[in-house]
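Asker: Sharing coords.cif, mmCIF, C-alpha atoms:
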data_final
#
loop_
_atom_site.label_atom_id
_atom_site.label_comp_id
_atom_site.auth_asym_id
_atom_site.auth_seq_id
_atom_site.Cartn_x
_atom_site.Cartn_y
_atom_site.Cartn_z
CA MET Z 1082 -65.81 22.50 71.59
CA PRO Z 1083 -68.95 21.86 69.49
CA VAL Z 1084 -70.50 24.87 67.76
CA ASP Z 1085 -73.76 24.72 69.71
CA VAL Z 1086 -71.88 24.82 73.04
CA LEU Z 1087 -69.89 27.83 71.84
CA ILE Z 1088 -73.09 29.57 70.80
CA MET Z 1089 -74.75 28.82 74.14
CA LYS Z 1090 -71.74 30.31 75.95
CA ALA Z 1091 -72.05 33.48 73.85
CA VAL Z 1092 -75.81 33.63 74.46
CA ASN Z 1093 -75.22 33.23 78.18
CA ALA Z 1094 -72.52 35.92 78.32
CA GLU Z 1095 -74.87 38.31 76.51
CA ASN Z 1096 -77.67 37.41 78.95
CA THR Z 1097 -75.42 37.99 81.96
CA ALA Z 1098 -74.54 41.48 80.71
CA ARG Z 1099 -78.26 42.30 80.39
CA ALA Z 1100 -78.93 40.81 83.83
CA VAL Z 1101 -76.41 43.24 85.34
CA GLU Z 1102 -78.41 46.09 83.75
CA VAL Z 1103 -81.67 44.77 85.22
CA ARG Z 1104 -80.08 44.47 88.66
CA ALA Z 1105 -78.78 48.05 88.42
CA GLN Z 1106 -82.28 49.33 87.61
CA LEU Z 1107 -83.76 47.44 90.55
CA ASP Z 1108 -81.04 48.61 92.94
CA ALA Z 1109 -81.41 52.23 91.81
CA ARG Z 1110 -85.08 52.05 92.77
CA ARG Z 1111 -84.44 49.91 95.88
CA ILE Z 1112 -86.77 47.21 94.55
CA LEU Z 1113 -86.36 43.58 95.61
CA GLY Z 1114 -86.38 41.27 92.57
CA LEU Z 1115 -87.59 37.66 92.94
CA ASN Z 1116 -87.43 35.07 90.13
CA PHE Z 1117 -90.05 32.31 90.56
CA MET Z 1118 -89.24 29.05 88.81
CA SER Z 1119 -90.98 25.67 88.69
CA SER Z 1120 -92.74 23.10 86.51
CA PRO Z 1121 -95.98 24.02 84.77
CA GLY Z 1122 -98.83 23.86 87.25
CA SER Z 1123 -96.79 23.74 90.43
CA GLY Z 1124 -98.68 26.74 91.79
CA LYS Z 1125 -96.56 29.85 91.19
CA THR Z 1126 -99.54 32.08 90.40
CA SER Z 1127 -101.63 30.68 93.26
CA LEU Z 1128 -98.81 31.33 95.73
CA LEU Z 1129 -98.53 34.89 94.41
CA GLU Z 1130 -102.26 35.45 94.81
CA ALA Z 1131 -102.09 34.23 98.43
CA THR Z 1132 -99.07 36.48 98.99
CA PHE Z 1133 -100.82 39.58 97.70
CA GLU Z 1134 -103.76 38.88 100.01
CA ARG Z 1135 -101.51 38.71 103.08
CA LEU Z 1136 -98.83 41.29 102.25
CA GLY Z 1137 -100.65 43.59 99.83
CA GLY Z 1138 -101.35 46.11 102.60
CA ARG Z 1139 -97.69 46.29 103.68
CA LEU Z 1140 -95.72 45.86 100.46
CA ARG Z 1141 -96.36 47.08 96.94
CA PHE Z 1142 -95.81 44.43 94.26
CA ALA Z 1143 -95.33 44.46 90.51
CA VAL Z 1144 -95.15 41.35 88.36
CA VAL Z 1145 -93.50 40.36 85.09
CA GLU Z 1146 -95.36 37.32 83.83
CA GLY Z 1147 -93.54 34.98 81.52
CA ASP Z 1148 -95.60 32.70 79.35
CA VAL Z 1149 -95.07 30.88 76.09
CA TYR Z 1150 -98.18 32.21 74.36
CA THR Z 1151 -101.05 33.38 76.61
CA ALA Z 1152 -101.78 36.19 79.07
CA LEU Z 1153 -103.83 34.01 81.43
CA ASP Z 1154 -101.58 34.50 84.47
CA ALA Z 1155 -101.18 38.26 84.03
CA GLU Z 1156 -104.98 38.50 84.01
CA ARG Z 1157 -105.13 36.53 87.28
CA ILE Z 1158 -102.53 38.85 88.85
CA ALA Z 1159 -104.22 42.03 87.64
CA ARG Z 1160 -107.44 40.99 89.40
CA HIS Z 1161 -105.58 41.58 92.68
CA GLY Z 1162 -104.87 45.19 91.77
CA VAL Z 1163 -101.19 44.42 91.21
CA ALA Z 1164 -99.42 45.91 88.20
CA ALA Z 1165 -98.49 43.15 85.77
CA VAL Z 1166 -96.88 43.01 82.36
CA GLN Z 1167 -96.95 39.92 80.17
CA ILE Z 1168 -93.95 38.61 78.25
CA ASN Z 1169 -94.74 35.98 75.64
CA THR Z 1170 -91.65 34.01 74.71
CA GLU Z 1171 -93.28 32.62 71.54
CA GLY Z 1172 -92.10 29.08 72.03
CA SER Z 1173 -88.93 29.71 74.03
CA CYS Z 1174 -88.58 27.70 77.24
CA HIS Z 1175 -87.20 30.42 79.52
CA MET Z 1176 -87.11 34.18 79.98
CA THR Z 1177 -83.99 36.22 79.28
CA ALA Z 1178 -82.69 39.35 80.95
CA HIS Z 1179 -83.24 41.15 77.66
CA MET Z 1180 -86.98 40.44 77.97
CA LEU Z 1181 -86.88 42.00 81.45
CA LEU Z 1182 -85.23 45.14 80.07
CA GLU Z 1183 -88.13 45.40 77.61
CA ALA Z 1184 -90.75 44.74 80.29
CA LEU Z 1185 -89.59 47.11 83.04
CA PRO Z 1186 -90.38 50.39 81.21
CA ARG Z 1187 -93.92 49.11 80.66
CA LEU Z 1188 -94.54 48.88 84.43
CA ASN Z 1189 -95.19 51.76 86.79
CA LEU Z 1190 -92.47 51.06 89.36
CA ASP Z 1191 -93.08 54.15 91.52
CA GLY Z 1192 -93.29 53.03 95.13
CA VAL Z 1193 -92.92 49.36 94.24
CA ASP Z 1194 -91.19 47.29 96.93
CA VAL Z 1195 -91.01 43.88 95.28
CA LEU Z 1196 -90.77 42.91 91.61
CA VAL Z 1197 -91.87 39.34 91.03
CA ILE Z 1198 -90.74 37.59 87.85
CA GLU Z 1199 -92.89 34.56 87.16
CA ASN Z 1200 -90.72 32.52 84.82
CA ILE Z 1201 -91.88 29.98 82.20
CA GLY Z 1202 -93.16 26.70 83.64
CA ASN Z 1203 -90.06 24.59 83.15
CA LEU Z 1204 -87.63 22.84 85.52
CA ILE Z 1205 -84.66 22.89 83.16
CA CYS Z 1206 -84.14 25.94 80.96
CA PRO Z 1207 -84.77 28.83 83.40
CA ALA Z 1208 -82.03 27.59 85.76
CA GLY Z 1209 -79.29 28.69 83.37
CA PHE Z 1210 -80.37 32.29 82.86
CA SER Z 1211 -80.03 35.04 85.48
CA LEU Z 1212 -82.66 37.74 85.11
CA GLY Z 1213 -80.90 40.18 87.45
CA GLU Z 1214 -83.05 39.04 90.39
CA HIS Z 1215 -81.83 39.25 93.98
CA GLN Z 1216 -83.35 35.92 94.95
CA LYS Z 1217 -84.35 32.78 93.07
CA VAL Z 1218 -87.48 31.04 94.37
CA ALA Z 1219 -87.87 27.40 93.32
CA LEU Z 1220 -91.22 25.63 93.74
CA LEU Z 1221 -92.00 21.90 93.71
CA SER Z 1222 -95.56 20.65 94.05
CA THR Z 1223 -96.30 17.46 95.95
CA ALA Z 1224 -98.23 16.20 92.90
CA GLU Z 1225 -95.03 16.16 90.82
CA GLY Z 1226 -93.44 13.52 93.02
CA ALA Z 1227 -90.47 13.41 95.37
CA ASP Z 1228 -88.03 12.17 92.71
CA LYS Z 1229 -88.04 15.52 90.90
CA VAL Z 1230 -85.46 16.97 93.29
CA ASP Z 1231 -82.86 14.50 92.04
CA LYS Z 1232 -84.07 14.51 88.45
CA TYR Z 1233 -83.88 18.30 88.08
CA PRO Z 1234 -81.29 19.21 90.73
CA ARG Z 1235 -79.87 22.40 89.27
CA LEU Z 1236 -82.94 24.55 89.84
CA PHE Z 1237 -83.21 23.52 93.49
CA ALA Z 1238 -79.44 23.63 94.12
CA GLU Z 1239 -79.08 27.22 92.89
CA SER Z 1240 -82.20 28.73 94.45
CA HIS Z 1241 -82.29 30.98 97.52
CA VAL Z 1242 -85.42 29.34 98.90
CA ASN Z 1243 -87.15 26.07 98.03
CA VAL Z 1244 -90.91 25.95 98.45
CA ILE Z 1245 -92.89 22.71 98.52
CA THR Z 1246 -96.40 23.57 97.29
CA LYS Z 1247 -99.82 21.88 97.33
CA THR Z 1248 -99.13 20.20 100.67
CA ASP Z 1249 -102.89 19.59 100.95
CA LEU Z 1250 -102.46 16.95 98.22
CA ALA Z 1251 -99.58 15.14 99.97
CA PRO Z 1252 -101.75 12.39 101.52
CA HIS Z 1253 -103.32 11.66 98.12
CA VAL Z 1254 -100.02 11.33 96.27
CA ASP Z 1255 -97.79 9.49 98.79
CA PHE Z 1256 -95.47 12.49 99.12
CA ASP Z 1257 -93.41 12.65 102.33
CA VAL Z 1258 -92.98 16.41 102.88
CA ALA Z 1259 -90.43 16.00 105.70
CA ALA Z 1260 -88.28 13.60 103.69
CA VAL Z 1261 -88.28 15.82 100.59
CA ALA Z 1262 -87.49 18.87 102.72
CA ALA Z 1263 -84.51 16.99 104.15
CA ARG Z 1264 -83.31 16.07 100.66
CA LEU Z 1265 -83.62 19.70 99.52
CA ARG Z 1266 -81.60 20.87 102.53
CA GLN Z 1267 -78.94 18.31 101.73
CA LEU Z 1268 -78.78 19.47 98.09
CA ASN Z 1269 -78.78 23.16 99.01
CA PRO Z 1270 -77.92 23.74 102.67
CA ALA Z 1271 -78.01 27.54 102.31
CA ALA Z 1272 -81.64 27.70 101.17
CA PRO Z 1273 -84.49 27.46 103.66
CA VAL Z 1274 -87.24 24.99 102.76
CA LEU Z 1275 -90.84 26.08 103.20
CA ALA Z 1276 -93.99 24.01 102.76
CA VAL Z 1277 -97.24 25.69 101.74
CA SER Z 1278 -100.76 25.10 100.54
CA ALA Z 1279 -102.32 28.08 98.77
CA LYS Z 1280 -105.63 26.20 99.01
CA THR Z 1281 -105.74 25.72 102.82
CA GLY Z 1282 -103.40 28.57 103.71
CA ALA Z 1283 -101.02 26.26 105.55
CA GLY Z 1284 -97.48 27.65 105.64
CA ILE Z 1285 -98.41 30.90 103.88
CA ASP Z 1286 -97.57 32.97 106.96
CA GLU Z 1287 -94.06 31.47 107.13
CA TRP Z 1288 -93.59 32.13 103.41
CA CYS Z 1289 -94.73 35.74 103.80
CA ASP Z 1290 -92.41 36.13 106.80
CA TRP Z 1291 -89.50 34.94 104.66
CA LEU Z 1292 -90.40 37.39 101.88
CA ALA Z 1293 -90.88 40.33 104.25
CA ALA Z 1294 -87.55 39.52 105.92
CA GLN Z 1295 -85.75 39.63 102.55
CA ARG Z 1296 -87.25 43.03 101.89
CA GLN Z 1297 -86.28 44.24 105.35
CA ALA Z 1298 -82.71 42.98 104.90
CA GLN Z 1299 -82.47 44.82 101.57
CA LEU Z 1300 -83.64 48.10 103.11
CA SER Z 1301 -81.26 47.75 106.05
CA GLY Z 1302 -78.39 47.11 103.66
CA ALA Z 1303 -77.84 43.52 104.78
CA GLY Z 1304 -79.62 41.96 101.80
CA ALA Z 1305 -78.21 40.50 98.62
CA MET X 1396 -83.48 36.47 60.14
CA PRO X 1397 -81.59 36.53 63.48
CA VAL X 1398 -78.62 34.19 63.82
CA ASP X 1399 -80.19 32.10 66.58
CA VAL X 1400 -83.28 31.43 64.44
CA LEU X 1401 -81.08 30.38 61.52
CA ILE X 1402 -79.13 28.05 63.81
CA MET X 1403 -82.33 26.54 65.21
CA LYS X 1404 -83.53 25.85 61.66
CA ALA X 1405 -80.26 24.09 60.86
CA VAL X 1406 -80.42 22.09 64.11
CA ASN X 1407 -83.97 21.08 63.28
CA ALA X 1408 -83.14 20.05 59.70
CA GLU X 1409 -80.30 17.89 61.04
CA ASN X 1410 -82.65 16.37 63.62
CA THR X 1411 -85.27 15.60 60.98
CA ALA X 1412 -82.71 13.73 58.87
CA ARG X 1413 -81.76 11.61 61.89
CA ALA X 1414 -85.45 11.04 62.70
CA VAL X 1415 -85.94 9.57 59.23
CA GLU X 1416 -83.12 7.11 60.02
CA VAL X 1417 -84.75 6.11 63.31
CA ARG X 1418 -88.09 5.57 61.59
CA ALA X 1419 -86.41 3.40 58.92
CA GLN X 1420 -84.85 1.21 61.63
CA LEU X 1421 -88.21 0.82 63.39
CA ASP X 1422 -90.05 0.05 60.15
CA ALA X 1423 -87.42 -2.50 59.08
CA ARG X 1424 -88.08 -4.37 62.34
CA ARG X 1425 -91.84 -3.70 62.29
CA ILE X 1426 -91.65 -2.00 65.70
CA LEU X 1427 -94.22 0.61 66.71
CA GLY X 1428 -92.50 3.72 68.09
CA LEU X 1429 -94.29 5.91 70.65
CA ASN X 1430 -92.93 9.23 71.97
CA PHE X 1431 -94.30 10.10 75.45
CA MET X 1432 -94.21 13.80 76.30
CA SER X 1433 -95.43 15.79 79.31
CA SER X 1434 -94.47 17.99 82.26
CA PRO X 1435 -92.25 16.59 84.99
CA GLY X 1436 -94.29 14.40 87.31
CA SER X 1437 -97.37 14.05 85.13
CA GLY X 1438 -97.15 10.26 85.36
CA LYS X 1439 -95.41 8.98 82.24
CA THR X 1440 -93.49 6.24 84.07
CA SER X 1441 -96.51 5.23 86.17
CA LEU X 1442 -98.66 4.89 83.05
CA LEU X 1443 -95.95 2.75 81.46
CA GLU X 1444 -95.77 0.52 84.54
CA ALA X 1445 -99.56 0.02 84.44
CA THR X 1446 -99.32 -0.68 80.70
CA PHE X 1447 -96.67 -3.37 81.13
CA GLU X 1448 -98.82 -5.08 83.77
CA ARG X 1449 -101.82 -5.27 81.44
CA LEU X 1450 -100.18 -5.80 78.06
CA GLY X 1451 -96.86 -7.40 79.02
CA GLY X 1452 -98.18 -10.87 78.22
CA ARG X 1453 -99.35 -9.88 74.72
CA LEU X 1454 -96.82 -7.32 73.54
CA ARG X 1455 -93.08 -7.06 74.04
CA PHE X 1456 -91.88 -3.59 74.99
CA ALA X 1457 -88.54 -1.82 75.03
CA VAL X 1458 -87.97 1.65 76.46
CA VAL X 1459 -85.62 4.53 75.80
CA GLU X 1460 -85.65 6.68 78.93
CA GLY X 1461 -84.76 10.32 78.56
CA ASP X 1462 -83.63 12.15 81.64
CA VAL X 1463 -81.55 15.21 82.35
CA TYR X 1464 -79.17 13.52 84.78
CA THR X 1465 -80.44 10.39 86.57
CA ALA X 1466 -81.37 6.79 85.74
CA LEU X 1467 -84.28 6.64 88.22
CA ASP X 1468 -86.96 5.94 85.59
CA ALA X 1469 -84.96 3.32 83.72
CA GLU X 1470 -84.54 1.49 87.03
CA ARG X 1471 -88.33 1.59 87.59
CA ILE X 1472 -88.92 0.22 84.08
CA ALA X 1473 -86.31 -2.53 84.40
CA ARG X 1474 -88.09 -3.85 87.51
CA HIS X 1475 -90.92 -4.90 85.17
CA GLY X 1476 -88.59 -7.08 83.12
CA VAL X 1477 -88.73 -4.61 80.22
CA ALA X 1478 -85.51 -3.76 78.38
CA ALA X 1479 -84.62 -0.12 79.02
CA VAL X 1480 -81.75 2.13 78.06
CA GLN X 1481 -81.12 5.48 79.69
CA ILE X 1482 -80.20 8.64 77.80
CA ASN X 1483 -78.94 11.49 79.96
CA THR X 1484 -79.21 14.78 78.14
CA GLU X 1485 -76.85 16.54 80.60
CA GLY X 1486 -78.93 19.65 80.94
CA SER X 1487 -80.70 19.67 77.58
CA CYS X 1488 -84.47 20.07 77.74
CA HIS X 1489 -85.46 17.53 75.06
CA MET X 1490 -84.24 14.39 73.33
CA THR X 1491 -82.97 14.42 69.76
CA ALA X 1492 -83.20 11.78 67.05
CA HIS X 1493 -79.42 11.52 67.21
CA MET X 1494 -79.72 10.33 70.82
CA LEU X 1495 -82.15 7.65 69.63
CA LEU X 1496 -79.68 6.47 67.00
CA GLU X 1497 -77.14 6.04 69.80
CA ALA X 1498 -79.62 4.29 72.10
CA LEU X 1499 -81.15 1.74 69.71
CA PRO X 1500 -78.01 -0.42 69.25
CA ARG X 1501 -77.80 -0.70 73.05
CA LEU X 1502 -81.24 -2.40 73.22
CA ASN X 1503 -82.02 -5.98 72.28
CA LEU X 1504 -84.85 -5.33 69.83
CA ASP X 1505 -85.40 -8.98 68.79
CA GLY X 1506 -89.11 -9.70 68.99
CA VAL X 1507 -89.94 -6.24 70.33
CA ASP X 1508 -93.40 -4.98 69.31
CA VAL X 1509 -93.42 -1.50 70.81
CA LEU X 1510 -90.57 0.93 71.46
CA VAL X 1511 -91.51 3.53 74.04
CA ILE X 1512 -89.52 6.76 74.16
CA GLU X 1513 -90.03 8.54 77.47
CA ASN X 1514 -89.01 12.09 76.67
CA ILE X 1515 -87.68 14.72 79.12
CA GLY X 1516 -90.29 16.15 81.48
CA ASN X 1517 -91.03 19.38 79.65
CA LEU X 1518 -94.09 20.83 77.90
CA ILE X 1519 -92.20 23.09 75.51
CA CYS X 1520 -88.93 21.83 74.03
CA PRO X 1521 -89.81 18.22 73.06
CA ALA X 1522 -92.68 19.38 70.84
CA GLY X 1523 -90.29 20.72 68.21
CA PHE X 1524 -88.16 17.60 67.72
CA SER X 1525 -89.34 14.45 65.94
CA LEU X 1526 -87.63 11.31 67.19
CA GLY X 1527 -88.82 9.15 64.30
CA GLU X 1528 -91.76 7.87 66.34
CA HIS X 1529 -94.99 6.72 64.70
CA GLN X 1530 -97.20 8.28 67.34
CA LYS X 1531 -96.81 11.14 69.80
CA VAL X 1532 -98.47 10.61 73.18
CA ALA X 1533 -99.09 13.78 75.21
CA LEU X 1534 -99.96 13.56 78.91
CA LEU X 1535 -101.51 16.19 81.19
CA SER X 1536 -102.06 15.51 84.88
CA THR X 1537 -105.11 16.91 86.66
CA ALA X 1538 -102.76 18.38 89.30
CA GLU X 1539 -101.18 20.67 86.70
CA GLY X 1540 -104.40 22.54 86.11
CA ALA X 1541 -106.82 22.92 83.21
CA ASP X 1542 -105.16 26.08 81.87
CA LYS X 1543 -102.07 24.18 80.70
CA VAL X 1544 -103.80 23.14 77.46
CA ASP X 1545 -103.97 26.76 76.34
CA LYS X 1546 -100.65 27.77 77.87
CA TYR X 1547 -98.67 25.00 76.13
CA PRO X 1548 -100.85 24.26 73.10
CA ARG X 1549 -98.28 22.96 70.64
CA LEU X 1550 -97.60 19.67 72.43
CA PHE X 1551 -101.29 18.82 72.65
CA ALA X 1552 -102.12 20.10 69.15
CA GLU X 1553 -99.47 17.92 67.46
CA SER X 1554 -99.97 14.71 69.43
CA HIS X 1555 -101.73 11.58 68.15
CA VAL X 1556 -103.44 10.93 71.48
CA ASN X 1557 -103.94 13.15 74.53
CA VAL X 1558 -104.07 11.43 77.90
CA ILE X 1559 -105.39 13.12 81.05
CA THR X 1560 -103.62 11.43 84.00
CA LYS X 1561 -104.14 11.28 87.78
CA THR X 1562 -107.92 11.50 87.43
CA ASP X 1563 -108.13 10.24 91.04
CA LEU X 1564 -106.88 13.68 92.11
CA ALA X 1565 -109.47 15.62 90.07
CA PRO X 1566 -111.88 16.21 92.99
CA HIS X 1567 -109.03 17.57 95.13
CA VAL X 1568 -107.77 20.05 92.54
CA ASP X 1569 -111.00 21.40 91.00
CA PHE X 1570 -110.18 19.89 87.61
CA ASP X 1571 -113.16 19.27 85.29
CA VAL X 1572 -112.04 16.26 83.25
CA ALA X 1573 -114.95 16.49 80.78
CA ALA X 1574 -114.36 20.19 80.12
CA VAL X 1575 -110.62 19.73 79.56
CA ALA X 1576 -111.25 16.74 77.31
CA ALA X 1577 -113.59 18.91 75.23
CA ARG X 1578 -110.96 21.66 74.98
CA LEU X 1579 -108.33 19.12 73.89
CA ARG X 1580 -110.68 17.78 71.20
CA GLN X 1581 -111.30 21.33 69.98
CA LEU X 1582 -107.55 22.02 69.81
CA ASN X 1583 -106.75 18.70 68.13
CA PRO X 1584 -109.86 17.04 66.67
CA ALA X 1585 -107.87 14.15 65.18
CA ALA X 1586 -106.49 12.92 68.50
CA PRO X 1587 -108.60 10.82 70.85
CA VAL X 1588 -108.64 11.97 74.48
CA LEU X 1589 -108.27 9.35 77.19
CA ALA X 1590 -108.54 9.83 80.96
CA VAL X 1591 -106.63 7.51 83.28
CA SER X 1592 -105.53 6.95 86.85
CA ALA X 1593 -102.54 4.66 87.21
CA LYS X 1594 -103.30 4.61 90.94
CA THR X 1595 -106.90 3.33 90.76
CA GLY X 1596 -106.66 1.70 87.33
CA ALA X 1597 -109.51 3.80 85.94
CA GLY X 1598 -109.26 4.18 82.17
CA ILE X 1599 -106.17 1.97 81.86
CA ASP X 1600 -108.10 -0.64 79.84
CA GLU X 1601 -109.19 2.00 77.31
CA TRP X 1602 -105.61 3.28 77.07
CA CYS X 1603 -104.29 -0.26 76.52
CA ASP X 1604 -107.00 -0.85 73.89
CA TRP X 1605 -105.83 2.28 72.06
CA LEU X 1606 -102.21 1.12 72.18
CA ALA X 1607 -103.01 -2.43 71.07
CA ALA X 1608 -105.12 -1.05 68.20
CA GLN X 1609 -102.20 1.08 66.97
CA ARG X 1610 -100.01 -2.00 66.97
CA GLN X 1611 -102.68 -4.01 65.14
CA ALA X 1612 -103.09 -1.26 62.54
CA GLN X 1613 -99.33 -1.20 61.95
CA LEU X 1614 -99.19 -4.96 61.42
CA SER X 1615 -102.16 -4.90 59.07
CA GLY X 1616 -100.55 -2.13 57.06
CA ALA X 1617 -103.13 0.50 57.99
CA GLY X 1618 -100.96 2.22 60.58
CA ALA X 1619 -98.91 5.38 60.34
#
Let me see the structure of the file written as structure tokens.

Answerer:
Amino acid sequence: MPVDVLIMKAVNAENTARAVEVRAQLDARRILGLNFMSSPGSGKTSLLEATFERLGGRLRFAVVEGDVYTALDAERIARHGVAAVQINTEGSCHMTAHMLLEALPRLNLDGVDVLVIENIGNLICPAGFSLGEHQKVALLSTAEGADKVDKYPRLFAESHVNVITKTDLAPHVDFDVAAVAARLRQLNPAAPVLAVSAKTGAGIDEWCDWLAAQRQAQLSGAGA
Amino acid sequence: MPVDVLIMKAVNAENTARAVEVRAQLDARRILGLNFMSSPGSGKTSLLEATFERLGGRLRFAVVEGDVYTALDAERIARHGVAAVQINTEGSCHMTAHMLLEALPRLNLDGVDVLVIENIGNLICPAGFSLGEHQKVALLSTAEGADKVDKYPRLFAESHVNVITKTDLAPHVDFDVAAVAARLRQLNPAAPVLAVSAKTGAGIDEWCDWLAAQRQAQLSGAGA
């Protein structure tokens, strides 16, 4: 086995051990952990902003924002009155569970229902690293093109829900939402497919229903 | 220095040595090498297709297509009568110069003027790895959002030309092309900024003029 593969296996085993620690902290506090993953610019932060507007009165959120260098997204989140901590990966293309262990003590988690991890904008690297989350949320924007499901299958195959975003742009980019949803279901039959536009609000209620149902399932003991 | 940083430095030194070999092969054949880098779905393949339509009669192209798993893009390229070879990185988030050394013998390079390397769709990893190219071409689609310049600065700061794509979508996504072009120029004053729409054809002539000028400069000995 080549040296770099051996090293990656060791890095991954170390990450998995840290992810178990993150999960234990979340479970001890009965917090639902969601790991949001997608390309750059597919609308993770916009979907979160729309979510806080709809569910902010019912559920308390906290956010760990992953970014390569800036704090732009954490600033957007904080404007909604949601606690956010920024992790800068300084060039790395994904977050690790170790970063989460460093971030959690910097957040006030009292009374928090849902911890959102907004991962680095990247369709490849984040798929390989568990962050201790209960659910993986994969996003694909219509502007990226329908072929991305087959070009970057792992992220969509391993997620717990696949969300097609920016559906308002679909007519401008020749994106067939129904056909892509069917392909996603074929790739990952266990994951529901939702279609949303943070701009028009289309589909946001269904998305929020999915999220609230996950939280309810966790509290009733039926969740992951 | 942590072990993983030491390993990355060794991997990079090895890559640089291979990149020098690629460059020597290109120079020996007087082929201009271009490395296209961007997010998934920012329009690399569409820009190439538009380029072949305009310049195919004047310049002979060959393409090395990087992809994580599929051959979808190489198939699109081949439809234009352009020689293409597919490199599947099997999960890796960038191409390496070693992959280029394996790909080049599989292409008929007789009479080729321009070798295009279409890198993996990723704004982070490809920036750190030279492939022996003469010029780095960075693309940013309007649908990704203006903040991506500051969130992923390295790719745009180290490129030889920055291309804003999908300008036809700008009015639908609140993207100020002039403002982003100004920010790109500030980040990387040496690189021209072009704005194109492969869909409407806007800006494609200027892009093709830039490409043809690079080729002309190489032949006249003034190029990189």

Asker: Would you give me, as a PyMOL selection string, the residues of chain X that come within 10 Å of chain Z, using all atoms listed in the file?

Answerer: chain X and resi 1399+1402-1403+1406+1433-1438+1462-1468+1486-1489+1515-1520+1522-1523+1536-1543+1545-1549+1561+1563-1564+1567-1568+1594

Asker: Matching each Cα of chain X to the same-order Cα of chain Z and superposing by least squares, what RMSD do you find?

Answerer: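 C-alpha RMSD, chain X fitted to chain Z: 0.0 Å.
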
Asker: Given the file above and the PyMOL selection byres ((chain X and resi 1506) around 10), which residues are selected, and can you give them as an MDAnalysis selection string?

Answerer: chainID X and resid 1424:1426 1454:1457 1503:1505 1507:1509

Asker: In Å, how far is it from CA of Arg1135 (chain Z) to CA of Ile1285 (chain Z)?

Answerer: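 Taking CA of Arg1135 (chain Z) and CA of Ile1285 (chain Z), their separation equals 8.4 Å.
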
Asker: Mind pulling up the distance from CA of Pro1186 (chain Z) to CA of Gln1167 (chain Z)?

Answerer: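 Taking CA of Gln1167 (chain Z) as the start and CA of Pro1186 (chain Z) as the end point, the length is 12.4 Å.
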
Asker: Around (-107.8, 8.3, 74.8), as given in the file, which residues come within 6 Å? Count all atoms listed in the file and list them as a PyMOL selection string.

Answerer: chain X and resi 1558+1587-1589+1602

Asker: Between Z:Cys1289, Z:Ala1251, Z:Leu1182, Z:Ser1301, which has the minimum distance to Glu1130 (chain Z) (counting all atoms listed in the file)?

Answerer: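 That would be Z:Cys1289, the residue with the smallest distance to Glu1130 (chain Z).
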
Asker: Output the residue selection produced by the PyMOL selection byres ((chain Z and resi 1279) around 7) on the file above, formatted as a ChimeraX atom specification.

Answerer: /Z:1127-1128,1131,1247,1277-1278,1280-1282

Asker: Pull N, CA and C atoms for region 1093-1103 of chain Z from the block and write them as a tab-separated table (two decimals), in the first residue's frame.

Answerer:
chain	number	residue	atom	x	y	z
Z	1093	ASN	N	-7.70	9.29	9.00
Z	1093	ASN	CA	-9.12	9.03	9.08
Z	1093	ASN	C	-9.52	8.31	10.36
Z	1094	ALA	N	-8.67	7.37	10.82
Z	1094	ALA	CA	-8.96	6.66	12.07
Z	1094	ALA	C	-8.92	7.65	13.23
Z	1095	GLU	N	-7.94	8.55	13.21
Z	1095	GLU	CA	-7.83	9.59	14.25
Z	1095	GLU	C	-9.07	10.48	14.21
Z	1096	ASN	N	-9.50	10.87	12.99
Z	1096	ASN	CA	-10.68	11.72	12.87
Z	1096	ASN	C	-11.93	11.02	13.40
Z	1097	THR	N	-12.05	9.73	13.11
Z	1097	THR	CA	-13.24	8.99	13.55
Z	1097	THR	C	-13.31	8.94	15.07
Z	1098	ALA	N	-12.15	8.78	15.72
Z	1098	ALA	CA	-12.14	8.77	17.19
Z	1098	ALA	C	-12.60	10.12	17.75
Z	1099	ARG	N	-12.17	11.21	17.11
Z	1099	ARG	CA	-12.60	12.54	17.55
Z	1099	ARG	C	-14.08	12.75	17.28
Z	1100	ALA	N	-14.56	12.19	16.15
Z	1100	ALA	CA	-15.98	12.34	15.80
Z	1100	ALA	C	-16.87	11.66	16.85
Z	1101	VAL	N	-16.41	10.54	17.38
Z	1101	VAL	CA	-17.16	9.86	18.43
Z	1101	VAL	C	-17.27	10.76	19.66
Z	1102	GLU	N	-16.19	11.50	19.95
Z	1102	GLU	CA	-16.22	12.43	21.10
Z	1102	GLU	C	-17.21	13.57	20.85
Z	1103	VAL	N	-17.23	14.10	19.62
Z	1103	VAL	CA	-18.18	15.17	19.30
Z	1103	VAL	C	-19.61	14.66	19.48
